[in-house]
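With mmCIF, C-alpha atoms inside, this is target.cif:
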data_run
loop_
_atom_site.label_atom_id
_atom_site.label_comp_id
_atom_site.auth_asym_id
_atom_site.auth_seq_id
_atom_site.Cartn_x
_atom_site.Cartn_y
_atom_site.Cartn_z
CA MET A 1 12.96 -128.99 194.47
CA LYS A 2 10.65 -128.98 197.49
CA PRO A 3 11.34 -131.91 199.85
CA VAL A 4 8.49 -134.26 200.72
CA GLY A 5 7.73 -135.47 204.24
CA ARG A 6 9.76 -138.34 205.65
CA PRO A 7 6.99 -140.98 205.64
CA VAL A 8 6.27 -140.19 201.99
CA ALA A 9 9.99 -140.22 201.21
CA TYR A 10 10.41 -143.71 202.68
CA LEU A 11 7.42 -144.94 200.67
CA TYR A 12 9.02 -143.42 197.55
CA LEU A 13 12.25 -145.30 198.28
CA VAL A 14 10.48 -148.65 198.64
CA LEU A 15 8.59 -148.14 195.38
CA THR A 16 11.83 -147.15 193.66
CA MET A 17 13.50 -150.38 194.72
CA VAL A 18 10.60 -152.40 193.28
CA LEU A 19 10.96 -150.64 189.92
CA TRP A 20 14.73 -151.01 189.81
CA SER A 21 14.60 -154.67 190.87
CA ALA A 22 12.39 -155.44 187.90
CA ALA A 23 14.65 -153.39 185.60
CA LEU A 24 17.77 -155.41 186.51
CA VAL A 25 15.90 -158.67 185.99
CA ILE A 26 14.63 -157.49 182.61
CA ALA A 27 18.03 -156.20 181.46
CA ARG A 28 19.72 -159.45 182.42
CA GLY A 29 17.03 -161.51 180.68
CA ILE A 30 17.35 -159.78 177.28
CA HIS A 31 21.07 -158.90 177.23
CA GLU A 32 21.78 -161.25 174.32
CA THR A 33 19.34 -159.53 171.93
CA ALA A 34 19.40 -156.04 173.47
CA PRO A 35 23.04 -155.02 174.06
CA PRO A 36 23.60 -152.61 176.96
CA PHE A 37 24.48 -149.38 175.15
CA ALA A 38 21.62 -149.76 172.70
CA LEU A 39 19.19 -150.47 175.51
CA THR A 40 20.31 -147.47 177.56
CA PHE A 41 20.33 -145.17 174.52
CA TRP A 42 16.73 -145.96 173.63
CA ARG A 43 15.86 -145.74 177.31
CA TRP A 44 17.01 -142.10 177.37
CA VAL A 45 15.36 -141.32 174.02
CA GLY A 46 12.00 -142.55 175.29
CA ALA A 47 12.35 -140.62 178.55
CA THR A 48 13.28 -137.42 176.71
CA ILE A 49 10.29 -137.64 174.39
CA VAL A 50 7.87 -138.13 177.29
CA LEU A 51 9.40 -135.29 179.32
CA LEU A 52 9.63 -132.76 176.51
CA PRO A 53 6.11 -131.23 176.81
CA PHE A 54 6.46 -130.94 180.61
CA ALA A 55 10.00 -129.56 180.73
CA LEU A 56 10.02 -127.29 177.68
CA PRO A 57 7.81 -124.51 179.13
CA ARG A 58 10.08 -124.32 182.21
CA LEU A 59 13.41 -124.91 180.53
CA ARG A 60 14.15 -121.30 179.59
CA SER A 61 13.44 -119.93 183.08
CA GLU A 62 15.09 -122.77 185.00
CA PHE A 63 18.10 -123.51 182.83
CA PRO A 64 21.32 -122.85 184.81
CA ALA A 65 22.11 -119.17 184.34
CA THR A 66 25.78 -119.15 185.31
CA LEU A 67 28.72 -121.32 184.34
CA LYS A 68 29.10 -122.51 187.93
CA SER A 69 25.48 -123.60 188.26
CA PHE A 70 25.60 -125.19 184.81
CA CYS A 71 28.65 -127.25 185.79
CA GLN A 72 26.98 -128.35 189.02
CA VAL A 73 23.78 -129.44 187.28
CA PHE A 74 25.68 -131.10 184.43
CA GLY A 75 27.77 -132.97 187.01
CA ILE A 76 24.61 -134.35 188.63
CA CYS A 77 23.27 -135.37 185.20
CA ALA A 78 26.57 -137.06 184.32
CA PHE A 79 26.64 -139.02 187.59
CA MET A 80 23.15 -140.40 186.96
CA VAL A 81 23.73 -141.18 183.29
CA VAL A 82 27.03 -142.97 183.88
CA ALA A 83 25.69 -144.89 186.89
CA THR A 84 22.59 -146.21 185.12
CA THR A 85 24.55 -147.06 181.97
CA LEU A 86 27.26 -148.94 183.84
CA SER A 87 24.70 -150.93 185.84
CA ILE A 88 23.09 -152.16 182.61
CA VAL A 89 26.50 -152.94 181.09
CA ALA A 90 27.59 -154.80 184.22
CA VAL A 91 24.74 -157.33 184.23
CA SER A 92 25.86 -158.41 180.76
CA TYR A 93 29.26 -159.46 182.12
CA THR A 94 28.65 -160.71 185.64
CA THR A 95 26.24 -162.93 187.53
CA ALA A 96 23.19 -161.68 189.36
CA ILE A 97 24.74 -162.83 192.65
CA ASN A 98 27.92 -160.82 192.16
CA ALA A 99 25.98 -157.76 191.01
CA THR A 100 23.74 -157.93 194.06
CA VAL A 101 26.63 -158.24 196.52
CA ILE A 102 28.53 -155.36 194.94
CA ASN A 103 25.39 -153.23 194.88
CA ALA A 104 25.10 -153.83 198.62
CA THR A 105 28.26 -151.75 199.14
CA GLN A 106 26.25 -148.69 198.13
CA PRO A 107 25.44 -147.46 201.66
CA ALA A 108 29.09 -147.67 202.73
CA VAL A 109 30.34 -145.93 199.59
CA THR A 110 27.68 -143.24 199.94
CA ALA A 111 28.67 -142.69 203.57
CA VAL A 112 32.31 -142.16 202.53
CA VAL A 113 31.33 -139.71 199.78
CA ALA A 114 28.93 -137.86 202.10
CA LEU A 115 31.62 -137.58 204.76
CA ALA A 116 34.14 -136.26 202.23
CA LEU A 117 31.83 -133.72 200.56
CA LEU A 118 29.31 -132.80 203.24
CA ALA A 119 31.05 -133.79 206.47
CA GLU A 120 27.91 -135.87 207.07
CA ARG A 121 28.74 -138.45 209.73
CA LEU A 122 26.91 -141.67 210.49
CA SER A 123 25.59 -142.46 213.95
CA TRP A 124 26.48 -145.81 215.49
CA THR A 125 22.89 -146.90 214.94
CA GLN A 126 23.15 -146.12 211.25
CA VAL A 127 26.43 -148.03 211.02
CA LEU A 128 24.77 -151.02 212.71
CA GLY A 129 21.89 -150.74 210.26
CA ILE A 130 24.24 -150.79 207.26
CA VAL A 131 26.08 -153.84 208.64
CA SER A 132 22.81 -155.66 209.34
CA ALA A 133 21.48 -154.95 205.84
CA PHE A 134 24.75 -156.08 204.24
CA ALA A 135 24.66 -159.30 206.30
CA GLY A 136 21.13 -159.90 205.05
CA ILE A 137 22.33 -159.54 201.46
CA LEU A 138 25.06 -162.15 202.04
CA VAL A 139 22.63 -164.59 203.65
CA MET A 140 20.20 -164.31 200.75
CA VAL A 141 22.51 -164.47 197.76
CA PHE A 142 24.82 -167.17 199.16
CA GLN A 143 21.99 -169.20 200.70
CA ALA A 144 23.65 -169.01 204.14
CA ASN A 145 26.53 -171.06 202.71
CA LEU A 146 29.98 -169.80 203.77
CA GLY A 147 31.66 -171.98 201.16
CA ALA A 148 29.80 -170.24 198.35
CA LEU A 149 30.89 -166.85 199.72
CA LEU A 150 34.55 -167.89 199.79
CA GLN A 151 34.33 -169.02 196.15
CA LEU A 152 33.16 -165.60 194.94
CA SER A 153 35.35 -164.50 192.01
CA ILE A 154 35.87 -161.03 190.59
CA SER A 155 35.23 -160.31 186.90
CA SER A 156 35.28 -157.23 184.68
CA GLY A 157 31.51 -156.97 185.14
CA ASP A 158 32.00 -156.78 188.91
CA LEU A 159 34.40 -153.86 188.52
CA ILE A 160 31.91 -152.13 186.22
CA MET A 161 29.15 -152.61 188.79
CA PHE A 162 31.33 -151.15 191.54
CA ALA A 163 32.04 -148.15 189.32
CA ALA A 164 28.27 -147.75 188.89
CA VAL A 165 27.90 -147.83 192.69
CA CYS A 166 30.45 -145.03 193.03
CA PHE A 167 28.65 -142.83 190.50
CA TRP A 168 25.29 -143.55 192.18
CA SER A 169 26.80 -142.41 195.47
CA CYS A 170 28.12 -139.20 193.94
CA TYR A 171 24.68 -138.47 192.42
CA ALA A 172 22.91 -139.08 195.73
CA VAL A 173 25.27 -136.86 197.71
CA ALA A 174 25.36 -134.09 195.09
CA LEU A 175 21.56 -134.05 194.90
CA HIS A 176 21.30 -133.58 198.66
CA ARG A 177 23.38 -130.41 198.51
CA ASP A 178 21.50 -127.12 198.31
CA ILE A 179 22.80 -125.76 195.00
CA GLY A 180 19.61 -124.31 193.55
CA LEU A 181 18.62 -127.20 191.32
CA PRO A 182 15.83 -126.81 188.76
CA SER A 183 12.47 -128.50 189.25
CA LEU A 184 12.40 -132.27 188.89
CA PRO A 185 10.77 -132.31 185.41
CA VAL A 186 13.52 -130.03 184.11
CA LEU A 187 16.26 -131.93 185.94
CA LEU A 188 15.00 -135.27 184.61
CA PHE A 189 14.82 -133.82 181.11
CA LEU A 190 18.42 -132.60 181.36
CA ILE A 191 19.50 -136.02 182.67
CA SER A 192 17.73 -137.79 179.80
CA ALA A 193 19.11 -135.42 177.17
CA SER A 194 22.59 -135.90 178.64
CA GLY A 195 22.06 -139.66 178.41
CA ILE A 196 21.39 -139.39 174.67
CA ILE A 197 24.46 -137.22 174.08
CA VAL A 198 26.78 -139.37 176.17
CA GLY A 199 25.37 -142.69 175.01
CA LEU A 200 25.19 -142.09 171.25
CA PRO A 201 28.91 -142.64 170.48
CA PHE A 202 28.96 -145.88 172.48
CA TYR A 203 25.75 -147.04 170.79
CA VAL A 204 27.30 -146.43 167.38
CA MET A 205 30.52 -148.24 168.29
CA GLU A 206 28.55 -151.16 169.70
CA SER A 207 26.53 -151.41 166.48
CA LEU A 208 29.65 -151.24 164.32
CA ALA A 209 31.11 -154.07 166.40
CA GLY A 210 28.17 -156.25 165.34
CA ARG A 211 26.02 -156.05 168.47
CA THR A 212 22.70 -154.71 167.25
CA PHE A 213 19.41 -154.11 169.00
CA VAL A 214 16.78 -156.65 167.86
CA ALA A 215 13.50 -154.74 167.44
CA SER A 216 11.30 -157.48 168.89
CA ILE A 217 8.16 -156.87 170.92
CA GLN A 218 10.01 -158.14 174.00
CA ASN A 219 12.94 -155.75 173.60
CA ILE A 220 10.80 -152.74 172.72
CA THR A 221 8.59 -153.41 175.74
CA ALA A 222 11.70 -153.63 177.90
CA ALA A 223 13.00 -150.32 176.55
CA VAL A 224 9.64 -148.67 177.24
CA TYR A 225 9.65 -150.02 180.79
CA LEU A 226 13.16 -148.70 181.37
CA SER A 227 12.17 -145.30 179.96
CA LEU A 228 8.96 -144.86 181.92
CA ALA A 229 9.12 -146.94 185.08
CA ALA A 230 12.83 -147.39 185.79
CA THR A 231 13.86 -143.92 184.62
CA LEU A 232 11.13 -141.28 184.85
CA ILE A 233 9.09 -142.64 187.75
CA ALA A 234 11.94 -144.24 189.71
CA ILE A 235 14.39 -141.34 189.40
CA TYR A 236 11.62 -138.88 190.29
CA LEU A 237 10.80 -140.85 193.45
CA TRP A 238 14.48 -141.41 194.31
CA SER A 239 15.42 -137.76 193.82
CA SER A 240 12.45 -136.49 195.85
CA ALA A 241 13.28 -138.87 198.69
CA ILE A 242 16.97 -137.92 198.81
CA ARG A 243 16.10 -134.26 199.21
CA SER A 244 14.07 -135.18 202.31
CA VAL A 245 16.04 -137.90 204.14
CA GLY A 246 19.59 -137.48 202.87
CA ALA A 247 21.93 -139.63 200.82
CA ASN A 248 23.00 -141.99 203.61
CA ARG A 249 19.53 -143.07 204.62
CA ALA A 250 18.28 -143.36 201.05
CA ALA A 251 21.24 -145.55 200.04
CA VAL A 252 20.39 -148.20 202.64
CA PHE A 253 17.10 -148.87 200.84
CA LEU A 254 19.06 -150.16 197.84
CA ASN A 255 19.53 -153.36 199.84
CA LEU A 256 15.84 -154.07 199.21
CA ILE A 257 16.61 -154.82 195.56
CA PRO A 258 17.52 -158.51 196.16
CA VAL A 259 14.51 -158.87 198.46
CA PHE A 260 12.13 -157.70 195.79
CA GLY A 261 14.13 -159.58 193.16
CA ALA A 262 13.56 -162.82 195.07
CA ALA A 263 9.87 -162.02 195.46
CA LEU A 264 9.53 -161.39 191.73
CA ALA A 265 11.31 -164.66 190.96
CA VAL A 266 8.96 -166.58 193.27
CA GLY A 267 5.85 -164.86 191.96
CA PHE A 268 6.55 -164.83 188.21
CA LEU A 269 9.18 -167.49 187.59
CA GLY A 270 7.90 -170.14 189.96
CA GLU A 271 11.11 -170.28 192.01
CA ARG A 272 10.93 -171.64 195.57
CA LEU A 273 11.08 -169.61 198.77
CA PHE A 274 13.61 -170.90 201.33
CA ALA A 275 14.33 -170.09 204.97
CA TYR A 276 17.47 -168.15 204.09
CA HIS A 277 15.35 -165.77 202.02
CA LEU A 278 13.30 -164.93 205.10
CA VAL A 279 16.35 -164.62 207.38
CA GLY A 280 18.13 -162.37 204.89
CA ALA A 281 15.06 -160.22 204.33
CA GLY A 282 14.62 -159.87 208.08
CA LEU A 283 18.21 -158.65 208.53
CA ILE A 284 17.80 -156.18 205.67
CA VAL A 285 14.54 -154.73 207.01
CA THR A 286 16.08 -154.50 210.51
CA GLY A 287 19.08 -152.70 209.05
CA ILE A 288 16.90 -150.21 207.22
CA PHE A 289 14.87 -149.55 210.38
CA LEU A 290 18.06 -148.82 212.34
CA ALA A 291 19.53 -146.65 209.58
CA VAL A 292 16.49 -144.40 209.20
CA ARG A 293 15.86 -143.75 212.89
CA PRO A 294 15.80 -139.95 213.27
CA LEU A 295 18.47 -139.69 215.96
CA ARG A 296 19.72 -136.38 214.67
CA ALA A 297 19.00 -133.97 211.84
CA LEU A 298 21.05 -134.18 208.69
CA PRO A 299 22.35 -131.08 206.88
CA GLY A 300 19.56 -129.46 204.86
CA GLU A 301 16.77 -131.46 206.50
CA THR A 302 13.68 -129.92 208.00
#

Would you mind giving the structure from this file in C-alpha cells?
Amino acid sequence: MKPVGRPVAYLYLVLTMVLWSAALVIARGIHETAPPFALTFWRWVGATIVLLPFALPRLRSEFPATLKSFCQVFGICAFMVVATTLSIVAVSYTTAINATVINATQPAVTAVVALALLAERLSWTQVLGIVSAFAGILVMVFQANLGALLQLSISSGDLIMFAAVCFWSCYAVALHRDIGLPSLPVLLFLISASGIIVGLPFYVMESLAGRTFVASIQNITAAVYLSLAATLIAIYLWSSAIRSVGANRAAVFLNLIPVFGAALAVGFLGERLFAYHLVGAGLIVTGIFLAVRPLRALPGET
C-alpha cells in the first residue's frame, strides 16, 4: 500500500472518526432488534459483495504466496474483525459513557503495543497530547463532575470494549509494519471474508438462543451503513492514514469520536450544547495537535 501525504492522512483520520461515531450511535440505538453478531455478520456480507468485483481481478496475484506472509495478513484481518465485532457487542452491554471512556485508552494501549513490537517510543509532546485528549474525554462524558467520575462502575460490556481496544491497537501497529501487504481493496476483501467466516458460528448460536435480526427498513439501512460507510470507506481511510503517520498518532484521533458524537446528538436529536462540551473538545483538539507534531520521524515514514 502506498502511503498518502500527512495532510491527507490527517483529513482521512478526521473523516474516519465521523463515520465511526455515527456507527456507534446507530448500533446502540437498534441493539434490541438487531443483535450484535447478526449485525456484524451482515455488515461483513455486504462489504464482501461490494468489494468482490474490485478485489477478484487482483486476488490471484496479490494473495499471500508463503505461509509466513499468509499468517501475517490473516493476523491483521483477525485483529480488525475481532475489534469491530467486540465494539458492537460491547455497546449492547454497557453505557455510552463507559464505552467512550474506555475507548479513550486507545492511544495509551497503542503506544504500549508499538513500543513492544516496533520499539516505537513516544516523545514527551506526544505523551502530553495523549493526556490532554484523555482529560478532554473525561470532561465531556462526566460533564466536569468529579462525583460522576468516582461513581463509574465496571460491567462485562466495559471489559469487552477494552478487549476491542486491545485488538484495534494490534491492528494499527501491525498495519504500520512493512510486511508486504496486498493493496487495500484486496486487504479489505480478505478482512471482510474473514469476518464472515469468524462471525457465522456466533451468528448461528445467537439465533438459536432466540436473538434474531428483525428485517426492518431501519435495521437493513443500519447494516448497509455499517457495510459501506463504517467498514469499506472508514477502514480504507484509517488504513491509508496509518501507513503514513504511524499507529501512535492515528490512535489519538479516536478521541474525536465523543466530540463528533456530541455534535451529532445536538444536530439530529435536539440535545443541548453545554460549556463542558466546548472545554472537553478544546482539550481533545489540543491533545491531537500536540500528538501529531512532527518532532521526529517514525519507523517506515517518509

Compare A:Ile233, A:Val89, A:Leu51, A:Val109 by their minimum atom-to-atom distance to Pro36 (chain A), counting all atoms listed in the file, and give me the closest one.
A:Val89

Which residues would end up in the selection if the PyMOL selection byres ((chain A and resi 166) around 12) were applied here, given that I need the answer as a PyMOL selection string?
chain A and resi 79-80+82-84+86-87+102-114+159-165+167-173+251

Please enumerate the residues selected by the PyMOL selection byres ((chain A and resi 43) around 7) when evaluated against the supplied file, formatted as a ChimeraX atom specification.
/A:39-42,44-47,223-224,226-227

Tell me, as a VMD selection string, which residues lie within 6 Å of region 191-205 of chain A, counting only C-alpha atoms; anything in the same chain fewer than 4 positions away does not count.
chain A and resid 37 to 38 41 44 48 77 81

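Take the candidates A:Val73, A:Val91, A:Ala247, A:Trp238 and check each one against Val14 (chain A) using all atoms listed in the file; the shortest distance goes to A:Trp238.
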
Pick out the residues sitting within 8 Å of Met17 (chain A), and hand them over as a PyMOL selection string; count only C-alpha atoms, and ignore anything fewer than 2 positions along from it in its own chain.
chain A and resi 13-15+19-21+253-254+256-257+260

May I have the residues within 10 Å of Pro7 (chain A) as a ChimeraX atom specification, using all atoms listed in the file and disregarding those fewer than 2 positions away in the same chain?
/A:4-5,9-12,241,244-245

Atom pair CA of Pro35 (chain A) / CA of Thr212 (chain A): separation (Å):
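Atom-to-atom, CA of Pro35 (chain A) and CA of Thr212 (chain A) are spaced 6.8 Å apart.
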
Long-range neighbours of Leu181 (chain A) as a ChimeraX atom specification, 10 Å cut-off, all atoms listed in the file, 4 positions minimum in chain:
/A:1,62-64,69-70,72-73,76,175,177,186-187

Given only C-alpha atoms as the counted atoms, nearest of A:Ala55, A:Ala263, A:Val252, A:Val279 to Leu128 (chain A):
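Closest candidate: A:Val252.
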
Compare A:Ile26, A:Val214, A:Val8, A:Leu184 by their minimum atom-to-atom distance to Ser92 (chain A), counting all atoms listed in the file, and give me the closest one.
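Using all atoms listed in the file, Ser92 (chain A) sits closest to A:Ile26.
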
Can you tell me how far CA of Thr231 (chain A) sits from CA of Leu115 (chain A), in Å to one decimal?
27.6 Å

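The spacing separating CA of Asn255 (chain A) from CA of Leu232 (chain A) amounts to 21.0 Å.
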
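Restricting the calculation to all atoms listed in the file, the smallest distance between Ala229 (chain A) and any of A:Val259, A:Ile217, A:Val50, A:Ala209 is found for A:Val50.
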
Name the closest residue to Ala27 (chain A) among the candidates A:Phe74, A:Ser156, A:Thr221, A:Leu190; distances are taken between atoms, counting all atoms listed in the file.
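Between A:Phe74, A:Ser156, A:Thr221, A:Leu190, the residue approaching Ala27 (chain A) most closely is A:Thr221.
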
N, CA, C and O atoms of region 186-197 of chain A, written as a CSV table (one decimal), in the first residue's frame:
chain,number,residue,atom,x,y,z
A,186,VAL,N,-7.8,-5.5,-1.9
A,186,VAL,CA,-7.6,-6.9,-1.6
A,186,VAL,C,-7.6,-7.2,-0.1
A,186,VAL,O,-8.2,-8.1,0.4
A,187,LEU,N,-6.9,-6.3,0.6
A,187,LEU,CA,-6.8,-6.4,2.1
A,187,LEU,C,-8.2,-6.3,2.7
A,187,LEU,O,-8.6,-7.1,3.6
A,188,LEU,N,-9.0,-5.3,2.3
A,188,LEU,CA,-10.3,-5.1,2.8
A,188,LEU,C,-11.2,-6.3,2.4
A,188,LEU,O,-12.1,-6.7,3.3
A,189,PHE,N,-11.0,-6.9,1.2
A,189,PHE,CA,-11.8,-8.1,0.9
A,189,PHE,C,-11.5,-9.2,1.8
A,189,PHE,O,-12.4,-10.0,2.3
A,190,LEU,N,-10.2,-9.4,2.1
A,190,LEU,CA,-9.8,-10.5,2.9
A,190,LEU,C,-10.3,-10.3,4.4
A,190,LEU,O,-10.7,-11.2,5.1
A,191,ILE,N,-10.3,-9.0,4.8
A,191,ILE,CA,-10.8,-8.7,6.1
A,191,ILE,C,-12.3,-9.1,6.2
A,191,ILE,O,-12.8,-9.7,7.1
A,192,SER,N,-13.1,-8.6,5.2
A,192,SER,CA,-14.5,-8.9,5.1
A,192,SER,C,-14.8,-10.4,5.0
A,192,SER,O,-15.7,-10.9,5.7
A,193,ALA,N,-14.1,-11.1,4.2
A,193,ALA,CA,-14.3,-12.5,4.1
A,193,ALA,C,-14.0,-13.2,5.4
A,193,ALA,O,-14.7,-14.2,5.8
A,194,SER,N,-12.9,-12.8,6.1
A,194,SER,CA,-12.6,-13.3,7.4
A,194,SER,C,-13.7,-13.0,8.4
A,194,SER,O,-14.0,-13.9,9.2
A,195,GLY,N,-14.3,-11.8,8.3
A,195,GLY,CA,-15.4,-11.5,9.2
A,195,GLY,C,-16.6,-12.4,9.0
A,195,GLY,O,-17.2,-12.8,10.0
A,196,ILE,N,-16.9,-12.8,7.8
A,196,ILE,CA,-18.0,-13.8,7.6
A,196,ILE,C,-17.7,-15.1,8.2
A,196,ILE,O,-18.5,-15.8,8.9
A,197,ILE,N,-16.4,-15.6,7.9
A,197,ILE,CA,-16.0,-16.9,8.4
A,197,ILE,C,-16.0,-17.0,10.0
A,197,ILE,O,-16.6,-17.9,10.6
